[in-house]
Number of protein chains: 4
Amino acid sequence: MKKVKAGVIGVRGFTGEVLAGILLNHPNTELVYVTSRVDKPVPLSEIFPYLEKKTRLLCEPFDIQKAVKCDILFLSLPHTVSMEFVPLLLKAGKKAIDLSADYRIKDMNTYYKHYKKQHTDTKNIAKAVYGLCEVYKSKIRNAKLVDPPGCYPTAVLLAVLPLFKENLIKDNTLYIDGKSGISGAGRKAKIEYHFAELQNNAFAYKAFAHQHVPEISQAIKDYAKVGPNIVFCPHVIPAARGILVTVYGQLKKNTDVQGVFKRFYKNKFFVRLRNRLVSLKDTSFTNFCDIGIKQHNKNIIITASIDNLMKGAAGQAVQNMNIMEGFNESQGLV
Amino acid sequence: MKKVKAGVIGVRGFTGEVLAGILLNHPNTELVYVTSRVDKPVPLSEIFPYLEKKTRLLCEPFDIQKAVKCDILFLSLPHTVSMEFVPLLLKAGKKAIDLSADYRIKDMNTYYKHYKKQHTDTKNIAKAVYGLCEVYKSKIRNAKLVDPPGCYPTAVLLAVLPLFKENLIKDNTLYIDGKSGISGAGRKAKIEYHFAELQNNAFAYKAFAHQHVPEISQAIKDYAKVGPNIVFCPHVIPAARGILVTVYGQLKKNTDVQGVFKRFYKNKFFVRLRNRLVSLKDTSFTNFCDIGIKQHNKNIIITASIDNLMKGAAGQAVQNMNIMEGFNESQGLV
Amino acid sequence: MKKVKAGVIGVRGFTGEVLAGILLNHPNTELVYVTSRVDKPVPLSEIFPYLEKKTRLLCEPFDIQKAVKCDILFLSLPHTVSMEFVPLLLKAGKKAIDLSADYRIKDMNTYYKHYKKQHTDTKNIAKAVYGLCEVYKSKIRNAKLVDPPGCYPTAVLLAVLPLFKENLIKDNTLYIDGKSGISGAGRKAKIEYHFAELQNNAFAYKAFAHQHVPEISQAIKDYAKVGPNIVFCPHVIPAARGILVTVYGQLKKNTDVQGVFKRFYKNKFFVRLRNRLVSLKDTSFTNFCDIGIKQHNKNIIITASIDNLMKGAAGQAVQNMNIMEGFNESQGLV
Amino acid sequence: MKKVKAGVIGVRGFTGEVLAGILLNHPNTELVYVTSRVDKPVPLSEIFPYLEKKTRLLCEPFDIQKAVKCDILFLSLPHTVSMEFVPLLLKAGKKAIDLSADYRIKDMNTYYKHYKKQHTDTKNIAKAVYGLCEVYKSKIRNAKLVDPPGCYPTAVLLAVLPLFKENLIKDNTLYIDGKSGISGAGRKAKIEYHFAELQNNAFAYKAFAHQHVPEISQAIKDYAKVGPNIVFCPHVIPAARGILVTVYGQLKKNTDVQGVFKRFYKNKFFVRLRNRLVSLKDTSFTNFCDIGIKQHNKNIIITASIDNLMKGAAGQAVQNMNIMEGFNESQGLV
């Protein structure tokens, strides 16, 4: 069986950790290189003690000479950092899957506005394929650089693209309420994320201002050729992982939305259409996006659930790799 | 200092428990009678062991002969059960604060639709004052029977009444996303509420169909004289208590919404207007409703946070008692 | 590759659920039969919605005619229920791995005392091998009926057997403090397990009286030929899964306990000796037992951590199957 | 009613926060001064937004000129920091209750070993009364400087002092397993305390080496005149607050331990003797210490539960103030 040599740049965050876990068990992958900002090589099982006896891999400081041993590299780095690494990898002829937002946003003013840094690798942006597998599979197949959607955009786009594609939404306006477990904010030592602070807490933040809104709008425009009005308010809930989005809006006319979605997602393995509203548990620790629709006259409510670290990050990245490498799309993911 | 004799019918649920706690510490109240479906009298501190040494009160099976020792009774009973007790208490000349929905819904078809039982005490419905203190204070002052709003209606109405009162909302349409801790569902032994099931879970339910929607609409119609279109989807999040509602909609024209709320809630002690979006922690274990507003052109997002067992139930009930008895409105509640 | 046909009797509990998950992914297993107390066959993915698209298996009412399609059956049933099923399976020539305590306790008075029922299949008790793989591997290899240790006995025995084998413990007395996530109590709808009740709670129970104490003592006697004095107090902590045991005692004389354990667990894949005290996270979702030892003069403290649903139940059961079937011991478990 | 002017030095930690809450509601106290390491005065309700409308108090940088406005000051500071403030306050004739360990340990080598700093105020150590109210009430009554026990020592000493006082314990040896919610570690931004890391985790630490062991031993020696052998292993469990200790040991001879405790704690309001093992919930948010004893021949298991922020810190500090000021011991605490 063909095995590609894979590497993870930035293995110590939540996403890097989950990526390493998937790749260690993936039948078509050999994980040969993992890096982090460590001073010197340290066993990966020292960073994640539960991996003891499962791997002897060292976590090393990044070194391009070593990175090129890999066929494909996953960049699990903070936004604005990935763009320092990607050009090196592409130049060396490597495939790269970047989990930051660095190659998602095509408009540089928007990028600067939300990520507060001038982009330093603009020439590769056009080459980057937006890795929403259910929609861009054929482009992904031939890509050298893929940038999968952010966690919220993944859930939101899967919940709304069929609606925009069919031009069903009144005023192209949707109200989207996002709920995310705290791992979505990254493995950071902040008082707000302290167990005693977050337990029994939940909060709204960045209403109208979240960096995922332009990403969502750009993808809708690109795919459905409509300029949407997305009103989005994310919330943190006291869960470790998982995203649940609830979409509110009105149809232009009475339509069988369930039927629209059924056709749209026919043969899309990782989207499951439910006959009920969905829960985080439906998709916990899986790479599925579950969608549940309720309709009352022209009012619709659509719920979508993903595991933010799987379909919203590491799992979707591996799904992209599977497509790029010609493996079964679900290989290593079920 | 004047002390009223208070009783709690149904002390064993979450709300009854919190009510007992407030009333035991309330400077103007003597808690003299608490009941539950027990076979024989049992110390309240056996049911809630942390109350040992704090009270010697017995929890007894309900007995109207004993209930009439009280000046005022709190009914913390399941919907459709309260209406068996209220007429007995009113007949005996007692004041009653009913925490069920039995006297909130004025339309009997609506009541039957949502609570699946014919109302058996229709004649007292008209007498019941809807106990939303910030709005109906003067009616509450003279009431014999008060039925405070449900937990979601409390948060939602405080978040939207100023908008409807001023007739600011386009199409009178608001989309409301509710998030509640699990105590909102009552102290019931159900697998869905099991610690291992709810931890890291969150789920949407009863979209378009929640019993609180007609209650909310009725109150808006009654107070603001407009027929609203309320699209509401409640969610359970993995928290023990607390409600956070996020309201989405469009203004008819650009308006200073913060200013509207500031005027509306001037001198309303238990509503706090924030300059930011709100969190559950803002109001945990308090009787406050905190409101945070974000506006972007004509789009508005309003967040409101309450402790569902305090402002959403027991605390608000005591606030009503304070008004009915002529005490300081915040007595025993801060 | 050889594939055995496996069945799970009682798939709906926590253990049955985890078992089904492991067996669906096990490279040498075909999961062909799962049962529960259902009225009629229902898709397993209806019971566990996250399994949708992963399996089309039906969960059926138990039927011995169908059970015999399997080569090996896992009984994930309540204590006192397994003994009704095991004789049927053995008679049909099937291998059985029973996760209840029914074939663990060899003394019928002890069994009756703790499980409150007369044993109805005494003749098969002697045939049952105690499935503690690290110690009884050769017996397990040829067994038809295996009864792996309970969750606490697994952690405790791995933490103390080397000590008793080498006769190191003063007065053969150990004090054992157990801490377990709530899944250890089974998937039951009880108020004590309600999210709002268990969150921020922790409690001790059954001091001196836990049914696992005679099981532990019997195993020590059987293996190390000493009659131990085990003082055990289990606790529930507000976690979904995991067991952490902390063992206190005194050595007869100063001994290099770490060295003793190192020799004892040489080549035992699923035991990991740490140079520090251990945590639940060390073993979460794994089949490992991690052990950490601290010694101060003759006083010793030994901590052991397992995932109660993996090494403490489903994982260990599969480890037993791997041995019985001649597979690699860790097959499907890493 | 007499009101003392109280101040809290270090109001921003968990303990300072709870102290402020108690003192704001205490009928005999006026909280007039709270400090923290802030650059300039900031409303306390900005630090703790739930206090909005409840207090207009400013949180200020410490200033001895302002501190002396108070009659009594609570120092809720890190260990090794309190000793900089206490001499200033005593010199100004103020009463001080220090919640750090700075005046608890009487042996300076021990202090240095555990707190890694030379003590700079040795002359006041002898004046400090160890604020275990149930035992040292008469000394506390006349003290100028009180240093209440740490959280673990509070629970442990209340659970074991009666045993040592009566000289009941074989070899004076007890094994003590401690379990604490994470607030015991202070409000610190550390990855280990991150919600996603601590949820479902539990870990042992500092076996034999915890700084509370010498404090416990010193108190036993001082009070019961025996040199105990305390083997202590603390654990963090995934709870926000609460301490549960489980004590294991053997009696010299069969004794009615329950009777011994009953006599010892007669008329001690804040100790409740239970007829069963105890839970965190028994004492959550209260100032009680609940004790539950199980005995099997000469083996004993004693469980004690406190709220670490109440009886283990802020509550006990206020209990000390009540005694020092001649108030009812439970004033403001029930």
# chains A, B, ... in the order shown; residues from 1 in each chain; ligands from 1
>>> closest_atom_pairs(of="chain D", to="chain B", cutoff="12 Å", atoms="only C-alpha atoms", output="tab-separated table")
residue	atom	partner	partner_atom	distance
D:Gly21	CA	B:Val334	CA	10.4
D:Ile22	CA	B:Val334	CA	11.6
D:Leu24	CA	B:Val334	CA	9.7
D:Asn25	CA	B:Val334	CA	8.2
D:His26	CA	B:Val334	CA	11.8
D:Pro27	CA	B:Pro27	CA	11.4
D:Ser45	CA	B:Asp282	CA	10.4
D:Glu46	CA	B:Asp282	CA	10.8
D:Ile47	CA	B:Asp282	CA	11.0
D:Phe48	CA	B:Asp282	CA	8.2
D:Pro49	CA	B:Asp282	CA	5.8
D:Tyr50	CA	B:Asp282	CA	4.7
D:Leu51	CA	B:Asp282	CA	8.5
D:Glu52	CA	B:Arg272	CA	7.9
D:Lys53	CA	B:Phe269	CA	7.8
D:Lys54	CA	B:Val334	CA	7.0
D:Thr55	CA	B:Val334	CA	10.3
D:Phe195	CA	B:Asn200	CA	11.3
D:Ala196	CA	B:Asn200	CA	10.0
D:Gln199	CA	B:Gln199	CA	9.3
D:Asn200	CA	B:Gln199	CA	9.6
D:Asn267	CA	B:Lys53	CA	11.4
D:Lys268	CA	B:Lys53	CA	11.0
D:Phe269	CA	B:Lys53	CA	7.9
D:Phe270	CA	B:Lys53	CA	8.8
D:Val271	CA	B:Lys53	CA	9.8
D:Arg272	CA	B:Glu52	CA	7.9
D:Leu273	CA	B:Glu52	CA	10.2
D:Arg274	CA	B:Pro49	CA	9.6
D:Asn275	CA	B:Pro49	CA	11.7
D:Arg276	CA	B:Pro49	CA	11.5
D:Val278	CA	B:Pro49	CA	10.0
D:Ser279	CA	B:Pro49	CA	9.9
D:Leu280	CA	B:Tyr50	CA	9.8
D:Lys281	CA	B:Tyr50	CA	7.2
D:Asp282	CA	B:Tyr50	CA	4.7
D:Thr283	CA	B:Tyr50	CA	5.7
D:Ser284	CA	B:Tyr50	CA	7.5
D:Phe285	CA	B:Tyr50	CA	9.0
D:Thr286	CA	B:Tyr50	CA	7.6
D:Asn287	CA	B:Tyr50	CA	10.1
D:Phe288	CA	B:Tyr50	CA	8.5
D:Cys289	CA	B:Tyr50	CA	10.3
D:Asp290	CA	B:Tyr50	CA	9.1
D:Ser305	CA	B:Tyr50	CA	11.1
D:Ile306	CA	B:Tyr50	CA	10.9
D:Asp307	CA	B:Tyr50	CA	11.3
D:Ser330	CA	B:Lys54	CA	10.6
D:Gly332	CA	B:Asn25	CA	10.5
D:Leu333	CA	B:Lys54	CA	10.5
D:Val334	CA	B:Lys54	CA	7.0
>>> residues_around(residues="Asp63 (chain D)", least_positions_apart="6", cutoff="12 Å", atoms="only C-alpha atoms", output="list in words")
Gly7, Ile9, Tyr33, Val34, Thr35, Ser36, Arg37, Val38, Lys40, Pro41, Lys69, Cys70, Phe85, Leu88 and Leu89 of chain D
>>> select_by_dssp(residues="region 218-258 of chain B", states="strand (DSSP E or B)", output="list in words")
Asn229, Ile230, Val231, Phe232, Cys233, Pro234, His235, Val236, Ile243, Leu244, Val245, Thr246, Val247, Tyr248, Gly249, Gln250 and Leu251 of chain B
>>> atom_distance(atom1="CA of Glu197 (chain D)", atom2="CA of Ile243 (chain C)")
16.5 Å
>>> atom_distance(atom1="CA of Val156 (chain C)", atom2="CA of Leu132 (chain C)")
11.4 Å
>>> residues_around(residues="Lys113 (chain A)", least_positions_apart="4", cutoff="12 Å", atoms="only C-alpha atoms", output="NGL selection string")
:A and (105 or 107-109 or 117-119 or 209-211 or 214)
>>> write_last_selection(atoms="all heavy atoms", output="PDB file, in the first residue's frame")
ATOM      1  N   ILE A 105      -7.965  34.170   2.676  1.00  0.00           N
ATOM      2  CA  ILE A 105      -8.531  35.470   2.335  1.00  0.00           C
ATOM      3  C   ILE A 105      -7.816  35.995   1.091  1.00  0.00           C
ATOM      4  O   ILE A 105      -6.586  36.107   1.071  1.00  0.00           O
ATOM      5  CB  ILE A 105      -8.331  36.443   3.514  1.00  0.00           C
ATOM      6  CG1 ILE A 105      -9.016  35.906   4.772  1.00  0.00           C
ATOM      7  CG2 ILE A 105      -8.840  37.835   3.164  1.00  0.00           C
ATOM      8  CD1 ILE A 105     -10.499  35.774   4.672  1.00  0.00           C
ATOM      9  N   ASP A 107      -8.522  38.957  -0.468  1.00  0.00           N
ATOM     10  CA  ASP A 107      -8.389  40.415  -0.469  1.00  0.00           C
ATOM     11  C   ASP A 107      -7.444  40.854   0.653  1.00  0.00           C
ATOM     12  O   ASP A 107      -7.689  40.588   1.835  1.00  0.00           O
ATOM     13  CB  ASP A 107      -9.770  41.055  -0.274  1.00  0.00           C
ATOM     14  CG  ASP A 107      -9.673  42.570  -0.240  1.00  0.00           C
ATOM     15  OD1 ASP A 107      -9.366  43.172  -1.289  1.00  0.00           O
ATOM     16  OD2 ASP A 107      -9.840  43.139   0.863  1.00  0.00           O
ATOM     17  N   MET A 108      -6.379  41.520   0.247  1.00  0.00           N
ATOM     18  CA  MET A 108      -5.320  41.827   1.208  1.00  0.00           C
ATOM     19  C   MET A 108      -5.719  42.884   2.238  1.00  0.00           C
ATOM     20  O   MET A 108      -5.194  42.908   3.351  1.00  0.00           O
ATOM     21  CB  MET A 108      -4.042  42.243   0.471  1.00  0.00           C
ATOM     22  CG  MET A 108      -3.338  41.076  -0.203  1.00  0.00           C
ATOM     23  SD  MET A 108      -2.855  39.720   0.972  1.00  0.00           S
ATOM     24  CE  MET A 108      -4.272  38.618   0.872  1.00  0.00           C
ATOM     25  N   ASN A 109      -6.640  43.766   1.874  1.00  0.00           N
ATOM     26  CA  ASN A 109      -7.119  44.725   2.873  1.00  0.00           C
ATOM     27  C   ASN A 109      -7.894  44.014   3.979  1.00  0.00           C
ATOM     28  O   ASN A 109      -7.757  44.320   5.158  1.00  0.00           O
ATOM     29  CB  ASN A 109      -8.016  45.786   2.220  1.00  0.00           C
ATOM     30  CG  ASN A 109      -7.196  46.692   1.320  1.00  0.00           C
ATOM     31  OD1 ASN A 109      -6.004  46.909   1.563  1.00  0.00           O
ATOM     32  ND2 ASN A 109      -7.837  47.195   0.266  1.00  0.00           N
ATOM     33  N   LYS A 117      -1.513  42.245  10.025  1.00  0.00           N
ATOM     34  CA  LYS A 117      -0.159  42.093   9.507  1.00  0.00           C
ATOM     35  C   LYS A 117      -0.218  42.111   7.985  1.00  0.00           C
ATOM     36  O   LYS A 117      -1.158  41.572   7.391  1.00  0.00           O
ATOM     37  CB  LYS A 117       0.436  40.766  10.007  1.00  0.00           C
ATOM     38  CG  LYS A 117       1.961  40.778  10.001  1.00  0.00           C
ATOM     39  CD  LYS A 117       2.549  39.626  10.797  1.00  0.00           C
ATOM     40  CE  LYS A 117       4.064  39.560  10.547  1.00  0.00           C
ATOM     41  NZ  LYS A 117       4.658  38.398  11.212  1.00  0.00           N
ATOM     42  N   GLN A 118       0.763  42.731   7.379  1.00  0.00           N
ATOM     43  CA  GLN A 118       0.843  42.702   5.929  1.00  0.00           C
ATOM     44  C   GLN A 118       1.179  41.288   5.489  1.00  0.00           C
ATOM     45  O   GLN A 118       2.081  40.656   6.046  1.00  0.00           O
ATOM     46  CB  GLN A 118       1.934  43.665   5.423  1.00  0.00           C
ATOM     47  CG  GLN A 118       1.591  45.137   5.566  1.00  0.00           C
ATOM     48  CD  GLN A 118       0.411  45.574   4.704  1.00  0.00           C
ATOM     49  OE1 GLN A 118      -0.017  44.836   3.807  1.00  0.00           O
ATOM     50  NE2 GLN A 118      -0.134  46.739   5.001  1.00  0.00           N
ATOM     51  N   HIS A 119       0.513  40.819   4.458  1.00  0.00           N
ATOM     52  CA  HIS A 119       0.816  39.480   3.962  1.00  0.00           C
ATOM     53  C   HIS A 119       2.157  39.519   3.243  1.00  0.00           C
ATOM     54  O   HIS A 119       2.452  40.438   2.492  1.00  0.00           O
ATOM     55  CB  HIS A 119      -0.285  39.005   2.999  1.00  0.00           C
ATOM     56  CG  HIS A 119      -0.394  37.526   2.946  1.00  0.00           C
ATOM     57  ND1 HIS A 119       0.575  36.727   2.395  1.00  0.00           N
ATOM     58  CD2 HIS A 119      -1.371  36.685   3.378  1.00  0.00           C
ATOM     59  CE1 HIS A 119       0.198  35.455   2.482  1.00  0.00           C
ATOM     60  NE2 HIS A 119      -0.976  35.402   3.087  1.00  0.00           N
ATOM     61  N   ALA A 209     -18.010  41.321  13.947  1.00  0.00           N
ATOM     62  CA  ALA A 209     -16.599  41.641  13.746  1.00  0.00           C
ATOM     63  C   ALA A 209     -15.692  40.421  13.649  1.00  0.00           C
ATOM     64  O   ALA A 209     -14.487  40.558  13.587  1.00  0.00           O
ATOM     65  CB  ALA A 209     -16.128  42.528  14.898  1.00  0.00           C
ATOM     66  N   HIS A 210     -16.248  39.225  13.619  1.00  0.00           N
ATOM     67  CA  HIS A 210     -15.406  38.038  13.637  1.00  0.00           C
ATOM     68  C   HIS A 210     -14.711  37.865  12.289  1.00  0.00           C
ATOM     69  O   HIS A 210     -15.302  38.060  11.237  1.00  0.00           O
ATOM     70  CB  HIS A 210     -16.256  36.809  13.979  1.00  0.00           C
ATOM     71  CG  HIS A 210     -15.450  35.620  14.393  1.00  0.00           C
ATOM     72  ND1 HIS A 210     -14.883  34.757  13.501  1.00  0.00           N
ATOM     73  CD2 HIS A 210     -15.107  35.156  15.620  1.00  0.00           C
ATOM     74  CE1 HIS A 210     -14.230  33.800  14.153  1.00  0.00           C
ATOM     75  NE2 HIS A 210     -14.361  34.016  15.445  1.00  0.00           N
ATOM     76  N   GLN A 211     -13.461  37.449  12.345  1.00  0.00           N
ATOM     77  CA  GLN A 211     -12.655  37.297  11.131  1.00  0.00           C
ATOM     78  C   GLN A 211     -13.211  36.222  10.191  1.00  0.00           C
ATOM     79  O   GLN A 211     -12.820  36.158   9.028  1.00  0.00           O
ATOM     80  CB  GLN A 211     -11.199  36.974  11.504  1.00  0.00           C
ATOM     81  CG  GLN A 211     -10.977  35.630  12.191  1.00  0.00           C
ATOM     82  CD  GLN A 211     -11.233  35.652  13.694  1.00  0.00           C
ATOM     83  OE1 GLN A 211     -11.771  36.616  14.231  1.00  0.00           O
ATOM     84  NE2 GLN A 211     -10.863  34.574  14.359  1.00  0.00           N
ATOM     85  N   PRO A 214     -15.830  37.604   6.780  1.00  0.00           N
ATOM     86  CA  PRO A 214     -15.380  37.842   5.390  1.00  0.00           C
ATOM     87  C   PRO A 214     -15.004  36.542   4.679  1.00  0.00           C
ATOM     88  O   PRO A 214     -15.205  36.425   3.469  1.00  0.00           O
ATOM     89  CB  PRO A 214     -14.159  38.760   5.567  1.00  0.00           C
ATOM     90  CG  PRO A 214     -13.800  38.715   7.015  1.00  0.00           C
ATOM     91  CD  PRO A 214     -15.042  38.389   7.758  1.00  0.00           C
TER      92      PRO A 214
END
>>> closest_residue(among="D:Ala6, D:Val245, D:Ala96, D:Met321", to="Thr29 (chain D)", atoms="only C-alpha atoms")
D:Ala6
>>> select_by_dssp(residues="region 73-233 of chain C", states="alpha helix (DSSP H)", output="PyMOL selection string")
chain C and resi 82-91+108-115+122-125+133-141+151-165+195-198+212-224
>>> residues_around(residues="Leu77 (chain D)", least_positions_apart="5", cutoff="12 Å", atoms="only C-alpha atoms", output="ChimeraX atom specification")
/D:8-17,35-37,62,82-86,97-102,186-187,313
